[in-house]
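> Sharing data.txt below, compact mmCIF, C-alpha atoms:
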# COMPACT_ATOMS: atom_id res chain seq x y z
CA MET N 10 27.31 -24.67 21.59
CA GLN N 11 24.65 -22.06 21.98
CA PHE N 12 25.28 -18.34 21.96
CA SER N 13 24.96 -16.42 25.23
CA PRO N 14 21.40 -16.32 26.66
CA LEU N 15 20.67 -12.71 25.66
CA LEU N 16 21.97 -13.33 22.15
CA GLU N 17 19.87 -16.50 21.83
CA GLN N 18 16.86 -14.52 23.00
CA LEU N 19 17.47 -11.80 20.40
CA ILE N 20 17.80 -14.43 17.65
CA GLU N 21 14.57 -16.04 18.79
CA THR N 22 12.58 -12.80 18.89
CA LEU N 23 13.91 -11.63 15.50
CA ARG N 24 12.10 -14.63 14.04
CA CYS N 25 8.75 -12.92 14.60
CA LEU N 26 9.56 -10.87 11.49
CA PRO N 27 8.04 -12.32 8.32
CA GLY N 28 10.48 -14.27 6.15
CA VAL N 29 13.14 -14.49 8.88
CA GLY N 30 14.28 -18.05 9.65
CA PRO N 31 16.89 -19.20 12.18
CA LYS N 32 19.92 -18.55 9.93
CA THR N 33 18.77 -15.08 8.90
CA ALA N 34 17.94 -14.18 12.51
CA GLN N 35 21.43 -15.29 13.58
CA ARG N 36 23.04 -13.19 10.86
CA MET N 37 20.90 -10.16 11.79
CA ALA N 38 21.70 -10.44 15.50
CA LEU N 39 25.44 -10.88 14.96
CA GLN N 40 25.62 -8.03 12.48
CA LEU N 41 23.74 -5.67 14.80
CA LEU N 42 26.10 -6.56 17.65
CA THR N 43 29.23 -6.32 15.55
CA ARG N 44 28.68 -3.03 13.82
CA GLY N 45 25.19 -1.71 14.34
CA ARG N 46 24.50 -1.24 18.04
CA GLU N 47 23.28 2.32 17.51
CA ASN N 48 21.04 1.13 14.69
CA GLY N 49 19.77 -1.66 16.91
CA LYS N 50 18.79 0.80 19.62
CA ARG N 51 17.16 3.10 17.09
CA LEU N 52 15.18 0.15 15.72
CA ALA N 53 14.05 -0.79 19.24
CA HIS N 54 12.93 2.78 19.84
CA SER N 55 10.93 2.99 16.57
CA LEU N 56 9.37 -0.38 17.27
CA ILE N 57 8.11 0.71 20.68
CA GLN N 58 6.84 4.02 19.35
CA ALA N 59 5.12 2.37 16.40
CA MET N 60 3.59 -0.50 18.36
CA GLU N 61 2.26 1.81 21.05
CA LYS N 62 1.28 4.93 19.17
CA ILE N 63 0.07 3.83 15.75
CA GLY N 64 -3.66 3.21 15.71
CA HIS N 65 -6.21 3.34 12.93
CA CYS N 66 -7.68 6.29 11.08
CA GLU N 67 -11.18 6.88 12.53
CA SER N 68 -12.62 7.12 9.08
CA CYS N 69 -10.81 4.68 6.75
CA ARG N 70 -9.07 2.33 9.24
CA ILE N 71 -5.61 2.74 7.69
CA PHE N 72 -2.69 2.79 10.15
CA SER N 73 -2.28 6.27 11.55
CA GLU N 74 -1.08 7.87 14.77
CA THR N 75 -3.46 10.79 14.25
CA GLU N 76 -7.25 10.58 14.51
CA PHE N 77 -7.64 10.96 10.77
CA CYS N 78 -5.07 10.00 8.13
CA ASN N 79 -3.76 12.49 5.58
CA ILE N 80 -6.15 11.39 2.89
CA CYS N 81 -9.24 11.44 5.09
CA ALA N 82 -8.25 14.84 6.50
CA SER N 83 -7.63 16.30 3.05
CA LEU N 84 -10.12 18.81 1.62
CA HIS N 85 -8.96 18.01 -1.90
CA ARG N 86 -10.33 14.48 -2.02
CA ASP N 87 -13.81 13.70 -3.30
CA PRO N 88 -15.86 12.17 -0.45
CA SER N 89 -18.52 10.89 -2.86
CA LEU N 90 -16.13 8.23 -4.23
CA LEU N 91 -15.13 5.44 -1.83
CA CYS N 92 -12.55 2.86 -2.87
CA ILE N 93 -12.47 -0.29 -0.76
CA VAL N 94 -9.17 -2.17 -0.46
CA GLU N 95 -7.92 -5.05 1.66
CA ASN N 96 -4.54 -3.73 2.82
CA PRO N 97 -2.79 -0.43 3.63
CA ILE N 98 -0.21 -1.21 0.95
CA ASP N 99 -3.00 -1.25 -1.68
CA VAL N 100 -3.67 2.42 -0.90
CA THR N 101 0.00 3.21 -1.60
CA VAL N 102 -0.11 1.32 -4.89
CA ILE N 103 -3.30 3.07 -6.04
CA GLU N 104 -1.96 6.48 -4.94
CA GLN N 105 1.11 5.91 -7.11
CA THR N 106 -1.14 5.97 -10.19
CA SER N 107 -2.32 9.49 -9.20
CA SER N 108 -5.60 8.70 -10.98
CA PHE N 109 -7.95 8.24 -8.04
CA LYS N 110 -9.09 11.36 -6.23
CA GLY N 111 -11.71 9.89 -3.89
CA LYS N 112 -11.34 8.42 -0.41
CA TYR N 113 -10.51 4.93 0.80
CA PHE N 114 -11.79 2.34 3.21
CA VAL N 115 -9.25 -0.27 4.32
CA LEU N 116 -10.62 -3.66 5.40
CA LEU N 117 -7.28 -4.86 6.88
CA GLY N 118 -8.00 -8.34 5.59
CA HIS N 119 -10.80 -10.19 3.85
CA LEU N 120 -13.70 -12.37 4.97
CA SER N 121 -12.37 -15.76 5.99
CA PRO N 122 -14.88 -17.54 8.25
CA LEU N 123 -12.57 -20.51 8.79
CA ASP N 124 -9.97 -18.19 10.35
CA GLY N 125 -12.64 -16.47 12.41
CA ILE N 126 -12.53 -13.33 10.29
CA GLY N 127 -16.09 -12.14 9.82
CA PRO N 128 -17.72 -8.79 8.92
CA GLU N 129 -16.82 -7.28 12.33
CA GLU N 130 -13.11 -8.01 11.95
CA ILE N 131 -12.88 -6.28 8.57
CA GLY N 132 -14.68 -3.18 9.84
CA LEU N 133 -17.97 -3.57 8.02
CA PRO N 134 -20.02 -1.99 10.87
CA LYS N 135 -17.96 1.18 10.35
CA LEU N 136 -18.44 0.92 6.58
CA ARG N 137 -22.18 0.64 7.13
CA LEU N 138 -22.02 3.90 9.14
CA HIS N 139 -20.36 5.59 6.17
CA PHE N 140 -23.18 4.32 3.95
CA GLU N 141 -25.83 5.52 6.43
CA GLN N 142 -24.33 9.00 6.68
CA GLY N 143 -24.91 9.41 2.94
CA GLY N 144 -22.87 11.45 0.49
CA ILE N 145 -21.29 8.43 -1.17
CA GLN N 146 -22.25 8.17 -4.82
CA GLU N 147 -20.01 5.32 -5.89
CA VAL N 148 -18.28 2.50 -4.08
CA ILE N 149 -15.34 1.06 -6.03
CA LEU N 150 -14.47 -2.47 -4.95
CA ALA N 151 -10.70 -2.96 -5.25
CA THR N 152 -10.26 -6.11 -3.16
CA ASN N 153 -7.79 -8.66 -4.52
CA PRO N 154 -8.93 -10.86 -7.44
CA THR N 155 -8.74 -13.99 -5.24
CA VAL N 156 -11.54 -16.23 -4.02
CA GLU N 157 -11.57 -14.46 -0.64
CA GLY N 158 -11.30 -11.01 -2.20
CA GLU N 159 -14.20 -11.73 -4.56
CA ALA N 160 -16.34 -13.12 -1.73
CA THR N 161 -15.61 -10.03 0.35
CA ALA N 162 -16.45 -7.78 -2.61
CA HIS N 163 -19.71 -9.64 -3.09
CA TYR N 164 -20.63 -9.22 0.58
CA ILE N 165 -19.97 -5.46 0.44
CA LEU N 166 -21.94 -5.21 -2.80
CA SER N 167 -25.08 -6.52 -1.12
CA LEU N 168 -24.48 -4.19 1.86
CA ALA N 169 -24.17 -1.12 -0.40
CA LYS N 170 -27.24 -2.15 -2.40
CA GLN N 171 -29.31 -1.83 0.79
CA TYR N 172 -28.49 1.87 0.74
CA GLY N 173 -29.04 2.23 -3.00
CA ILE N 174 -25.40 3.14 -3.61
CA LYS N 175 -23.83 2.51 -7.02
CA VAL N 176 -21.11 -0.15 -6.79
CA THR N 177 -18.34 -0.87 -9.30
CA ARG N 178 -15.52 -3.43 -9.36
CA ILE N 179 -12.11 -2.58 -10.82
CA ALA N 180 -11.59 -4.34 -14.17
CA ARG N 181 -10.07 -7.80 -14.22
CA GLY N 182 -8.25 -8.58 -17.45
CA ILE N 183 -4.86 -9.00 -19.00
CA SER N 184 -1.99 -6.90 -17.61
CA ILE N 185 -0.50 -4.13 -19.74
CA GLY N 186 2.77 -5.32 -21.27
CA SER N 187 2.08 -9.00 -20.70
CA ALA N 188 1.59 -11.63 -23.41
CA LEU N 189 -1.70 -13.44 -24.00
CA GLU N 190 0.06 -16.80 -24.01
CA TYR N 191 1.05 -16.36 -20.37
CA SER N 192 -2.39 -15.33 -19.11
CA ASP N 193 -4.29 -17.90 -17.08
CA PRO N 194 -7.70 -19.08 -18.37
CA ASN N 195 -9.58 -17.38 -15.53
CA THR N 196 -8.05 -13.99 -16.28
CA LEU N 197 -8.69 -14.40 -20.00
CA MET N 198 -12.30 -15.32 -19.30
CA HIS N 199 -12.70 -12.11 -17.29
CA ALA N 200 -10.96 -10.16 -20.06
CA PHE N 201 -13.50 -11.42 -22.60
CA ASP N 202 -16.47 -10.83 -20.30
CA GLY N 203 -15.31 -7.29 -19.64
CA ARG N 204 -14.48 -6.41 -23.25
CA GLU N 205 -15.01 -2.75 -24.22
CA LEU N 206 -16.94 -1.45 -27.21
CA LEU N 207 -14.62 0.62 -29.42
CA MET F 92 1.20 8.59 -0.75
CA GLN F 93 3.46 7.93 2.17
CA PHE F 94 2.48 5.99 5.25
CA SER F 95 2.07 7.87 8.53
CA PRO F 96 5.33 9.39 9.90
CA LEU F 97 5.86 6.79 12.64
CA LEU F 98 5.20 3.95 10.20
CA GLU F 99 7.62 5.46 7.67
CA GLN F 100 10.20 5.75 10.44
CA LEU F 101 9.74 2.12 11.43
CA ILE F 102 10.13 1.01 7.79
CA GLU F 103 13.27 3.10 7.46
CA THR F 104 14.89 1.76 10.65
CA LEU F 105 14.03 -1.86 9.81
CA ARG F 106 16.32 -1.44 6.81
CA CYS F 107 19.36 -1.49 9.11
CA LEU F 108 18.87 -5.27 9.24
CA PRO F 109 21.03 -7.14 6.72
CA GLY F 110 19.16 -8.28 3.60
CA VAL F 111 16.15 -6.07 4.28
CA GLY F 112 15.24 -3.73 1.41
CA PRO F 113 12.38 -1.22 1.20
CA LYS F 114 9.72 -3.77 0.17
CA THR F 115 10.65 -6.28 2.86
CA ALA F 116 10.79 -3.55 5.50
CA GLN F 117 7.30 -2.41 4.48
CA ARG F 118 5.97 -5.94 4.73
CA MET F 119 7.61 -6.45 8.14
CA ALA F 120 6.26 -3.18 9.56
CA LEU F 121 2.71 -3.78 8.29
CA GLN F 122 2.66 -7.36 9.52
CA LEU F 123 3.89 -6.36 12.99
CA LEU F 124 1.21 -3.68 13.20
CA THR F 125 -1.56 -5.92 11.87
CA ARG F 126 -1.04 -8.99 13.98
CA GLY F 127 2.18 -8.83 15.92
CA ARG F 128 2.21 -5.84 18.24
CA GLU F 129 3.15 -7.94 21.24
CA ASN F 130 5.93 -9.58 19.23
CA GLY F 131 7.08 -6.16 18.11
CA LYS F 132 7.36 -4.95 21.70
CA ARG F 133 9.17 -8.12 22.73
CA LEU F 134 11.61 -7.64 19.87
CA ALA F 135 12.22 -4.04 20.93
CA HIS F 136 12.88 -5.19 24.47
CA SER F 137 15.36 -7.90 23.44
CA LEU F 138 17.11 -5.49 21.12
CA ILE F 139 17.67 -2.97 23.90
CA GLN F 140 18.84 -5.64 26.32
CA ALA F 141 21.17 -7.19 23.77
CA MET F 142 22.63 -3.93 22.48
CA GLU F 143 23.26 -2.63 26.00
CA LYS F 144 24.26 -5.71 27.93
CA ILE F 145 26.12 -7.99 25.54
CA GLY F 146 29.83 -7.34 25.61
CA HIS F 147 32.79 -9.52 24.78
CA CYS F 148 34.29 -12.45 26.68
CA GLU F 149 37.40 -11.14 28.44
CA SER F 150 39.38 -14.08 27.20
CA CYS F 151 38.22 -15.06 23.69
CA ARG F 152 36.30 -11.92 22.58
CA ILE F 153 33.13 -13.79 21.65
CA PHE F 154 29.84 -12.01 22.39
CA SER F 155 28.89 -12.59 25.99
CA GLU F 156 27.04 -10.75 28.73
CA THR F 157 29.19 -12.40 31.38
CA GLU F 158 32.89 -11.69 31.94
CA PHE F 159 33.88 -15.07 30.52
CA CYS F 160 31.89 -17.11 28.01
CA ASN F 161 30.79 -20.69 28.71
CA ILE F 162 33.71 -22.20 26.86
CA CYS F 163 36.39 -20.04 28.47
CA ALA F 164 34.85 -20.62 31.90
CA SER F 165 34.70 -24.38 31.39
CA LEU F 166 37.16 -26.61 33.25
CA HIS F 167 36.70 -29.35 30.67
CA ARG F 168 38.39 -27.54 27.81
CA ASP F 169 42.08 -27.91 27.08
CA PRO F 170 43.75 -24.48 27.47
CA SER F 171 46.86 -25.63 25.62
CA LEU F 172 44.99 -25.71 22.29
CA LEU F 173 43.85 -22.36 20.88
CA CYS F 174 41.70 -22.23 17.75
CA ILE F 175 41.54 -18.84 16.04
CA VAL F 176 38.42 -17.98 14.04
CA GLU F 177 37.09 -14.87 12.38
CA ASN F 178 33.47 -14.87 13.53
CA PRO F 179 31.32 -15.99 16.49
CA ILE F 180 29.30 -18.16 14.11
CA ASP F 181 32.48 -20.12 13.27
CA VAL F 182 32.69 -21.22 16.91
CA THR F 183 29.15 -22.59 16.67
CA VAL F 184 29.97 -24.47 13.48
CA ILE F 185 33.14 -26.02 14.94
CA GLU F 186 31.35 -26.91 18.20
CA GLN F 187 28.76 -28.81 16.16
CA THR F 188 31.47 -31.24 15.09
CA SER F 189 32.17 -32.04 18.79
CA SER F 190 35.73 -32.83 17.75
CA PHE F 191 37.60 -29.82 19.14
CA LYS F 192 38.16 -29.72 22.89
CA GLY F 193 40.45 -26.70 23.18
CA LYS F 194 39.61 -23.01 23.54
CA TYR F 195 38.90 -20.32 20.98
CA PHE F 196 39.96 -16.82 20.12
CA VAL F 197 37.51 -14.81 18.00
CA LEU F 198 38.98 -12.07 15.84
CA LEU F 199 35.57 -10.53 14.98
CA GLY F 200 36.79 -9.81 11.47
CA HIS F 201 39.96 -10.08 9.47
CA LEU F 202 42.83 -7.77 8.60
CA SER F 203 41.65 -5.32 5.97
CA PRO F 204 43.89 -2.24 5.92
CA LEU F 205 41.80 -0.51 3.24
CA ASP F 206 38.79 -0.58 5.58
CA GLY F 207 40.90 0.60 8.48
CA ILE F 208 40.90 -2.80 10.15
CA GLY F 209 44.36 -3.43 11.52
CA PRO F 210 45.82 -5.72 14.22
CA GLU F 211 44.23 -3.64 17.03
CA GLU F 212 40.72 -3.99 15.63
CA ILE F 213 40.91 -7.78 15.46
CA GLY F 214 42.20 -8.06 19.02
CA LEU F 215 45.78 -9.07 18.34
CA PRO F 216 47.16 -7.20 21.39
CA LYS F 217 44.95 -9.44 23.54
CA LEU F 218 46.07 -12.51 21.58
CA ARG F 219 49.68 -11.51 22.22
CA LEU F 220 48.91 -11.43 25.97
CA HIS F 221 47.62 -15.01 25.71
CA PHE F 222 50.87 -15.99 23.99
CA GLU F 223 52.95 -14.18 26.64
CA GLN F 224 51.14 -15.86 29.52
CA GLY F 225 52.32 -19.20 28.16
CA GLY F 226 50.54 -22.54 28.41
CA ILE F 227 49.52 -22.63 24.75
CA GLN F 228 51.10 -25.54 22.93
CA GLU F 229 49.35 -25.28 19.60
CA VAL F 230 47.57 -22.49 17.76
CA ILE F 231 45.13 -23.75 15.13
CA LEU F 232 44.41 -21.16 12.47
CA ALA F 233 40.81 -21.55 11.29
CA THR F 234 40.30 -18.22 9.53
CA ASN F 235 38.33 -18.37 6.29
CA PRO F 236 40.12 -19.64 3.16
CA THR F 237 39.84 -16.22 1.49
CA VAL F 238 42.56 -13.76 0.59
CA GLU F 239 41.88 -11.74 3.76
CA GLY F 240 41.59 -14.84 5.92
CA GLU F 241 44.89 -16.21 4.61
CA ALA F 242 46.62 -12.86 5.13
CA THR F 243 45.31 -12.68 8.69
CA ALA F 244 46.42 -16.27 9.34
CA HIS F 245 49.88 -15.42 8.02
CA TYR F 246 50.14 -12.39 10.31
CA ILE F 247 49.17 -14.44 13.37
CA LEU F 248 51.62 -17.16 12.33
CA SER F 249 54.53 -14.74 12.53
CA LEU F 250 53.24 -13.41 15.86
CA ALA F 251 53.07 -16.90 17.37
CA LYS F 252 56.49 -17.80 16.00
CA GLN F 253 57.98 -15.01 18.15
CA TYR F 254 56.84 -16.98 21.18
CA GLY F 255 57.97 -20.32 19.77
CA ILE F 256 54.41 -21.66 19.66
CA LYS F 257 53.52 -24.45 17.23
CA VAL F 258 51.05 -23.21 14.63
CA THR F 259 48.79 -25.28 12.35
CA ARG F 260 46.28 -24.34 9.68
CA ILE F 261 43.09 -26.36 9.17
CA ALA F 262 43.30 -28.41 5.95
CA ARG F 263 42.15 -26.89 2.72
CA GLY F 264 40.94 -29.41 0.17
CA ILE F 265 37.90 -30.90 -1.47
CA SER F 266 34.68 -31.07 0.57
CA ILE F 267 33.32 -34.44 1.66
CA GLY F 268 30.46 -35.48 -0.63
CA SER F 269 31.38 -33.06 -3.40
CA ALA F 270 32.55 -34.03 -6.89
CA LEU F 271 36.05 -33.31 -8.23
CA GLU F 272 34.62 -31.81 -11.39
CA TYR F 273 32.99 -28.99 -9.42
CA SER F 274 36.10 -28.08 -7.39
CA ASP F 275 37.82 -24.87 -8.32
CA PRO F 276 41.50 -25.04 -9.42
CA ASN F 277 42.72 -23.25 -6.29
CA THR F 278 41.06 -25.74 -3.96
CA LEU F 279 42.32 -28.68 -6.01
CA MET F 280 45.84 -27.26 -5.89
CA HIS F 281 45.62 -27.09 -2.09
CA ALA F 282 44.20 -30.63 -2.01
CA PHE F 283 47.23 -31.92 -3.92
CA ASP F 284 49.72 -29.92 -1.83
CA GLY F 285 48.15 -31.24 1.35
CA ARG F 286 47.88 -34.88 0.25
CA GLU F 287 48.24 -37.49 3.02
CA LEU F 288 50.49 -40.51 2.98
CA LEU F 289 48.38 -43.66 3.32
Kindly transcribe the structure held in the file into structure tokens.

Amino acid sequence: MQFSPLLEQLIETLRCLPGVGPKTAQRMALQLLTRGRENGKRLAHSLIQAMEKIGHCESCRIFSETEFCNICASLHRDPSLLCIVENPIDVTVIEQTSSFKGKYFVLLGHLSPLDGIGPEEIGLPKLRLHFEQGGIQEVILATNPTVEGEATAHYILSLAKQYGIKVTRIARGISIGSALEYSDPNTLMHAFDGRELL
Amino acid sequence: MQFSPLLEQLIETLRCLPGVGPKTAQRMALQLLTRGRENGKRLAHSLIQAMEKIGHCESCRIFSETEFCNICASLHRDPSLLCIVENPIDVTVIEQTSSFKGKYFVLLGHLSPLDGIGPEEIGLPKLRLHFEQGGIQEVILATNPTVEGEATAHYILSLAKQYGIKVTRIARGISIGSALEYSDPNTLMHAFDGRELL
């Protein structure tokens, strides 16, 4: 037996959420109907608002419903330092350290030609505009330490070089609190290459 | 740093879904915004439809947007057999066995006085009406084999007795394909009590 058509439809559409399979979707739908109808309506309302009103910051491309995000609009951030990250969540993680006072540029992905994601898709024309406008003294590449992240970093490096801008890459090495024996060879290699003089 | 207000609101409301914590909600919201806006709107639409239009079957209380659910409306089901379950999902599970041809009554919970869930909340006045109308020859109690499920079954047993209706409880024993050594003492005790004469 199937559930009623509207319930089946709700279960089916809940599966668009990442990590939600048929069983989880069923449990979510039944729980919302049983004791969360108000929450369900509130969720629907936020979804519509978010999907329709959230765009991208004109300057850094992060999700924002205003023309410029808080960080880009702030007068307390140093516009001569530009940190480039792949995802909006990376900005949150870096902000938690409270150690970076510059601005960000969010690629919303990484170069992946096989998936049809080229320079346009990750906003590099806009990044080039930032470079052209001048005022940036250092570009900090904070893409993920994966093959795609490194390739993307490399591409941006050559772009920035055309404008004579200094480019740095965040250090790759062993994590604080971890044990050497659990580090992978690639990370260890980077840790040796990037050793500091004491 | 926080995300933009609408994004924060979406993350917060996504947490009303069971099993969704702050990290998962963040990932869901960002993924919907990045490459699932149409899905997000469809989900919002289904949610509103489901929350507003899905009610309960007039006869068995299962979720349904029509007055009577498919099973209650069917002429091929035996109305003299009434199986009582706690949750809508239980109906689906029993239907998968294709072995039960009677009708259902869905409690949508179990008796739990401490949570304020009494006979009214699990639809027992409506169940009593079914008993009064006559025509039921056997009530099969298929509530969960938990303390609350057993207590609820016991309560319904005494209710049905008042109308002289035959009441059975689905067998509790060892699961097919399991090993005796992994059965808990309580289940084994029930398996011995309910042993069949061969």
> Would you mind listing, for every residue of chain N within 6 Å of chain F, the two atoms forming the shortest contact and the distance between them in Å to one decimal, using all atoms listed in the file, sorted by chain and ascending residue number, as JSON lines?

{"residue": "N:Met10", "atom": "CA", "partner": "F:Thr183", "partner_atom": "CA", "distance": 5.6}
{"residue": "N:Ser13", "atom": "CA", "partner": "F:Ser155", "partner_atom": "CA", "distance": 5.5}
{"residue": "N:Leu15", "atom": "CA", "partner": "F:Ala141", "partner_atom": "CA", "distance": 5.9}
{"residue": "N:Leu19", "atom": "CA", "partner": "F:Ser137", "partner_atom": "CA", "distance": 5.4}
{"residue": "N:Thr22", "atom": "CA", "partner": "F:Leu134", "partner_atom": "CA", "distance": 5.3}
{"residue": "N:Leu26", "atom": "CA", "partner": "F:Met119", "partner_atom": "CA", "distance": 5.9}
{"residue": "N:Pro27", "atom": "CA", "partner": "F:Met119", "partner_atom": "CA", "distance": 5.9}
{"residue": "N:Met37", "atom": "CA", "partner": "F:Leu108", "partner_atom": "CA", "distance": 5.9}
{"residue": "N:Arg46", "atom": "CA", "partner": "F:Met142", "partner_atom": "CA", "distance": 5.5}
{"residue": "N:Lys50", "atom": "CA", "partner": "F:Ile139", "partner_atom": "CA", "distance": 5.8}
{"residue": "N:Leu52", "atom": "CA", "partner": "F:Thr104", "partner_atom": "CA", "distance": 5.3}
{"residue": "N:Ala53", "atom": "CA", "partner": "F:Ala135", "partner_atom": "CA", "distance": 4.1}
{"residue": "N:Ser55", "atom": "CA", "partner": "F:Leu101", "partner_atom": "CA", "distance": 5.3}
{"residue": "N:Leu56", "atom": "CA", "partner": "F:Ala135", "partner_atom": "CA", "distance": 5.9}
{"residue": "N:Ile57", "atom": "CA", "partner": "F:Lys132", "partner_atom": "CA", "distance": 5.8}
{"residue": "N:Ala59", "atom": "CA", "partner": "F:Leu97", "partner_atom": "CA", "distance": 5.8}
{"residue": "N:Met60", "atom": "CA", "partner": "F:Arg128", "partner_atom": "CA", "distance": 5.5}
{"residue": "N:Ser73", "atom": "CA", "partner": "F:Ser95", "partner_atom": "CA", "distance": 5.5}
{"residue": "N:Thr101", "atom": "CA", "partner": "F:Met92", "partner_atom": "CA", "distance": 5.6}
{"residue": "N:Glu104", "atom": "CA", "partner": "F:Met92", "partner_atom": "CA", "distance": 5.7}
> Can you spit out the residues from that selection as a PDB file, keeping the file's coordinate frame, using C-alpha atoms?

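Output saved as part-v6.pdb:
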ATOM      1  CA  MET N  10      27.310 -24.670  21.590  1.00  0.00           C
ATOM      2  CA  SER N  13      24.960 -16.420  25.230  1.00  0.00           C
ATOM      3  CA  LEU N  15      20.670 -12.710  25.660  1.00  0.00           C
ATOM      4  CA  LEU N  19      17.470 -11.800  20.400  1.00  0.00           C
ATOM      5  CA  THR N  22      12.580 -12.800  18.890  1.00  0.00           C
ATOM      6  CA  LEU N  26       9.560 -10.870  11.490  1.00  0.00           C
ATOM      7  CA  PRO N  27       8.040 -12.320   8.320  1.00  0.00           C
ATOM      8  CA  MET N  37      20.900 -10.160  11.790  1.00  0.00           C
ATOM      9  CA  ARG N  46      24.500  -1.240  18.040  1.00  0.00           C
ATOM     10  CA  LYS N  50      18.790   0.800  19.620  1.00  0.00           C
ATOM     11  CA  LEU N  52      15.180   0.150  15.720  1.00  0.00           C
ATOM     12  CA  ALA N  53      14.050  -0.790  19.240  1.00  0.00           C
ATOM     13  CA  SER N  55      10.930   2.990  16.570  1.00  0.00           C
ATOM     14  CA  LEU N  56       9.370  -0.380  17.270  1.00  0.00           C
ATOM     15  CA  ILE N  57       8.110   0.710  20.680  1.00  0.00           C
ATOM     16  CA  ALA N  59       5.120   2.370  16.400  1.00  0.00           C
ATOM     17  CA  MET N  60       3.590  -0.500  18.360  1.00  0.00           C
ATOM     18  CA  SER N  73      -2.280   6.270  11.550  1.00  0.00           C
ATOM     19  CA  THR N 101       0.000   3.210  -1.600  1.00  0.00           C
ATOM     20  CA  GLU N 104      -1.960   6.480  -4.940  1.00  0.00           C
TER      21      GLU N 104
END
> Distance atom CA of Ile174 of chain N-atom CA of Arg70 of chain N, one decimal place?
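Distance reported for this atom pair: 20.8 Å.
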> Hey, what's within 8 Å of His201 of chain F if we count all atoms listed in the file and toss same-chain stuff fewer than 4 positions away? As a PyMOL selection string, please?
chain F and resi 177+208+213+239-240+243
> Kindly give the distance, in Å, that separates atom CA of Ser89 of chain N and atom CA of His65 of chain N, rounded to a single decimal.
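Between these atoms lies a distance of 21.4 Å.
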> As an exercise, work out the distance from atom CA of Ser269 of chain F to atom CA of Thr237 of chain F in Å and give it to one decimal place.
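Between these atoms lies a distance of 19.5 Å.
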> Tell me which residues come within 9 Å of (-14.4, 12.9, -1.6), as number ranges by chain, counting only C-alpha atoms in the file's coordinates.
N: 81, 83-91, 110-112, 144-145
> Hey, can I get the axis-aligned box for segment 263-275 of chain F? All listed atoms, 5 Å padding on each side, centre and edge lengths in Å to one decimal, as JSON.

{"center_x": 36.3, "center_y": -30.2, "center_z": -4.3, "size_x": 21.7, "size_y": 20.6, "size_z": 24.1}
